[in-house]
$ cat my_file.cif   # mmCIF, C-alpha atoms
data_work
#
loop_
_atom_site.label_atom_id
_atom_site.label_comp_id
_atom_site.auth_asym_id
_atom_site.auth_seq_id
_atom_site.Cartn_x
_atom_site.Cartn_y
_atom_site.Cartn_z
CA MET A 1 328.38 -3.80 -70.19
CA SER A 2 331.95 -2.93 -71.06
CA ALA A 3 333.49 -4.95 -68.23
CA ARG A 4 334.31 -8.52 -69.14
CA LEU A 5 333.17 -11.50 -67.06
CA GLU A 6 334.77 -14.92 -67.14
CA VAL A 7 333.86 -18.06 -65.24
CA GLU A 8 335.88 -21.14 -64.42
CA LEU A 9 333.58 -24.14 -64.46
CA ASN A 10 336.16 -26.32 -62.70
CA SER A 11 336.63 -23.88 -59.81
CA SER A 12 335.55 -24.74 -56.28
CA VAL A 13 333.87 -21.31 -56.20
CA PRO A 14 330.26 -21.58 -57.42
CA VAL A 15 329.72 -19.95 -60.80
CA TYR A 16 327.03 -17.56 -59.49
CA GLU A 17 329.53 -16.37 -56.86
CA GLN A 18 332.21 -15.84 -59.51
CA ILE A 19 329.78 -13.62 -61.44
CA ARG A 20 328.69 -11.75 -58.30
CA ALA A 21 332.25 -11.12 -57.19
CA GLN A 22 333.40 -9.97 -60.63
CA VAL A 23 330.52 -7.52 -61.07
CA ALA A 24 331.08 -6.14 -57.55
CA ALA A 25 334.80 -5.78 -58.31
CA HIS A 26 334.07 -3.94 -61.57
CA VAL A 27 331.77 -1.56 -59.68
CA ALA A 28 334.35 -1.03 -56.93
CA SER A 29 337.08 -0.33 -59.48
CA GLY A 30 334.90 2.11 -61.40
CA SER A 31 334.89 0.11 -64.63
CA LEU A 32 331.13 -0.16 -64.07
CA ALA A 33 329.59 3.13 -63.02
CA PRO A 34 326.20 3.95 -61.51
CA GLY A 35 323.56 3.68 -64.22
CA ASP A 36 325.56 1.26 -66.39
CA ARG A 37 323.37 -1.55 -67.69
CA LEU A 38 324.19 -5.20 -67.17
CA PRO A 39 323.23 -7.54 -69.99
CA PRO A 40 319.90 -9.33 -69.74
CA ILE A 41 320.10 -12.57 -67.76
CA ARG A 42 319.44 -14.77 -70.79
CA THR A 43 322.01 -12.96 -72.92
CA LEU A 44 324.75 -13.19 -70.29
CA ALA A 45 323.89 -16.83 -69.58
CA SER A 46 324.13 -17.63 -73.29
CA ASP A 47 327.43 -15.72 -73.66
CA LEU A 48 328.95 -17.60 -70.70
CA GLY A 49 327.39 -20.97 -71.59
CA LEU A 50 325.41 -21.11 -68.35
CA ALA A 51 321.85 -21.75 -67.25
CA PRO A 52 319.83 -18.52 -66.85
CA GLY A 53 319.06 -19.48 -63.25
CA THR A 54 322.76 -19.29 -62.37
CA VAL A 55 323.06 -15.74 -63.68
CA ALA A 56 319.73 -14.81 -62.07
CA ARG A 57 321.05 -15.94 -58.68
CA ALA A 58 324.15 -13.78 -59.08
CA PHE A 59 321.98 -10.78 -60.00
CA ARG A 60 319.71 -11.42 -56.98
CA GLU A 61 322.75 -11.48 -54.69
CA LEU A 62 324.02 -8.23 -56.22
CA GLU A 63 320.62 -6.62 -55.81
CA ALA A 64 320.36 -7.75 -52.19
CA ALA A 65 323.76 -6.16 -51.53
CA GLY A 66 322.63 -2.89 -53.12
CA VAL A 67 325.15 -3.09 -55.95
CA VAL A 68 322.53 -3.21 -58.71
CA VAL A 69 318.85 -2.48 -59.11
CA THR A 70 316.42 -4.08 -61.53
CA ARG A 71 313.83 -1.91 -63.23
CA ARG A 72 311.13 -3.04 -65.60
CA ARG A 73 312.01 -0.82 -68.54
CA THR A 74 315.77 -0.46 -68.14
CA GLY A 75 316.74 -3.91 -66.88
CA THR A 76 319.50 -4.40 -64.33
CA VAL A 77 321.73 -1.38 -63.77
CA VAL A 78 324.46 -0.43 -61.32
CA ALA A 79 322.78 1.30 -58.38
CA ASP A 80 323.16 5.08 -58.09
CA HIS A 81 324.58 4.72 -54.61
CA ALA A 82 326.72 1.68 -55.47
CA GLN A 83 329.83 2.74 -53.68
CA VAL A 84 330.40 -0.90 -52.86
CA PRO A 85 331.32 -1.20 -49.16
CA GLU A 86 334.49 -2.98 -50.20
CA LEU A 87 335.85 0.18 -51.87
CA LYS A 88 337.58 1.46 -48.72
CA VAL A 89 338.96 -2.00 -48.02
CA ARG A 90 340.09 -2.36 -51.65
CA ARG A 91 342.12 0.82 -51.31
CA ALA A 92 343.65 -0.54 -48.11
CA ALA A 93 344.44 -3.77 -49.95
CA GLU A 94 346.17 -1.80 -52.71
CA ARG A 95 348.29 -0.03 -50.09
CA TYR A 96 349.05 -3.40 -48.47
CA VAL A 97 350.15 -4.92 -51.80
CA ALA A 98 352.42 -1.95 -52.48
CA GLU A 99 353.95 -2.23 -49.02
CA ALA A 100 354.35 -6.01 -49.24
CA ARG A 101 356.07 -5.75 -52.63
CA ALA A 102 358.31 -2.92 -51.38
CA ALA A 103 359.32 -5.24 -48.52
CA GLY A 104 360.22 -7.92 -51.06
CA LEU A 105 357.42 -10.35 -50.22
CA SER A 106 356.17 -12.69 -52.90
CA ASP A 107 352.49 -12.54 -53.76
CA GLU A 108 352.01 -15.92 -52.09
CA ALA A 109 353.73 -14.75 -48.90
CA ALA A 110 351.56 -11.62 -48.85
CA LEU A 111 348.43 -13.77 -49.30
CA ASP A 112 349.57 -16.07 -46.49
CA LEU A 113 349.74 -13.07 -44.17
CA VAL A 114 346.22 -12.04 -45.14
CA ARG A 115 344.94 -15.60 -44.63
CA GLY A 116 346.56 -15.65 -41.21
CA ALA A 117 344.99 -12.32 -40.28
CA LEU A 118 341.57 -13.62 -41.37
CA LEU A 119 341.96 -16.62 -39.08
CA ALA A 120 343.01 -14.55 -36.05
CA PRO A 121 340.31 -13.79 -33.49
CA THR A 122 338.96 -10.24 -33.69
#
$ encode --input "my_file.cif" --output "structure tokens"
Amino acid sequence: MSARLEVELNSSVPVYEQIRAQVAAHVASGSLAPGDRLPPIRTLASDLGLAPGTVARAFRELEAAGVVVTRRRTGTVVADHAQVPELKVRRAAERYVAEARAAGLSDEAALDLVRGALLAPT
């Protein structure tokens, strides 16, 4: 796997969720393409200094979301159809960031607007 994963053990975000989110982001950005292999659970756990069960949970979550598939002979790979649903939203987010910066908003102000929109009733 060419994409790099990092975890913050002191974060309020569970470590398995940090791994899940980072892999999904790498797939959405194209730095992980369909067919790319993820490292074996034990190898990744050892590299990150984590328990294998933590990495296994992240992989299960990714598989349930259709981002990766696990095959007996090839291990865990990015799914052929892994056009992560967030891709369209990520592109919208990129447009939003560009517009917010063009308007002179700080990153924190732009995030505050997003947080407010998330709290608004739909």
$ residues_around --input "my_file.cif" --residues "Leu44 in chain A" --least-positions-apart "6" --cutoff "10 Å" --atoms "all atoms listed in the file" --output "PyMOL selection string"
chain A and resi 5+38+50-52+55-56
$ closest_atom_pairs --input "my_file.cif" --of "range 37-120 of chain A" --to "range 16-30 of chain A" --cutoff "12 Å" --atoms "all atoms listed in the file" --output "tab-separated table"
residue	atom	partner	partner_atom	distance
A:Arg37	CA	A:Val23	CA	11.4
A:Leu38	CA	A:Val23	CA	9.1
A:Pro39	CA	A:Val23	CA	11.5
A:Ile41	CA	A:Ile19	CA	11.6
A:Leu44	CA	A:Ile19	CA	10.2
A:Ala45	CA	A:Ile19	CA	10.5
A:Leu48	CA	A:Ile19	CA	10.1
A:Leu50	CA	A:Tyr16	CA	9.7
A:Ala51	CA	A:Tyr16	CA	10.2
A:Pro52	CA	A:Tyr16	CA	10.3
A:Gly53	CA	A:Tyr16	CA	9.0
A:Thr54	CA	A:Tyr16	CA	5.4
A:Val55	CA	A:Tyr16	CA	6.1
A:Ala56	CA	A:Tyr16	CA	8.2
A:Arg57	CA	A:Tyr16	CA	6.2
A:Ala58	CA	A:Tyr16	CA	4.8
A:Phe59	CA	A:Arg20	CA	7.0
A:Arg60	CA	A:Arg20	CA	9.1
A:Glu61	CA	A:Arg20	CA	7.0
A:Leu62	CA	A:Arg20	CA	6.2
A:Glu63	CA	A:Arg20	CA	9.9
A:Ala64	CA	A:Arg20	CA	11.1
A:Ala65	CA	A:Ala24	CA	9.5
A:Gly66	CA	A:Ala24	CA	10.1
A:Val67	CA	A:Ala24	CA	6.9
A:Val68	CA	A:Ala24	CA	9.1
A:Thr76	CA	A:Val23	CA	11.9
A:Val77	CA	A:Val27	CA	10.8
A:Val78	CA	A:Val27	CA	7.6
A:Ala79	CA	A:Val27	CA	9.5
A:Asp80	CA	A:Val27	CA	11.0
A:His81	CA	A:Val27	CA	10.8
A:Ala82	CA	A:Val27	CA	7.3
A:Gln83	CA	A:Ala28	CA	6.7
A:Val84	CA	A:Ala28	CA	5.7
A:Pro85	CA	A:Ala28	CA	8.3
A:Glu86	CA	A:Ala28	CA	7.0
A:Leu87	CA	A:Ala28	CA	5.4
A:Lys88	CA	A:Ala28	CA	9.2
A:Val89	CA	A:Ala28	CA	10.1
A:Arg90	CA	A:Ala28	CA	7.9
A:Arg91	CA	A:Ser29	CA	9.7
A:Glu94	CA	A:Ser29	CA	11.4
$ atom_distance --input "my_file.cif" --atom1 "CA of Ala110 in chain A" --atom2 "CA of Tyr96 in chain A"
8.6 Å
$ closest_residue --input "my_file.cif" --among "A:Ala120, A:Ser31, A:Leu111, A:Pro40" --to "Arg73 in chain A" --atoms "all atoms listed in the file"
A:Pro40
$ atom_distance --input "my_file.cif" --atom1 "CA of Leu105 in chain A" --atom2 "CA of Leu119 in chain A"
20.1 Å
$ atom_distance --input "my_file.cif" --atom1 "CA of Pro121 in chain A" --atom2 "CA of Ala98 in chain A"
25.4 Å
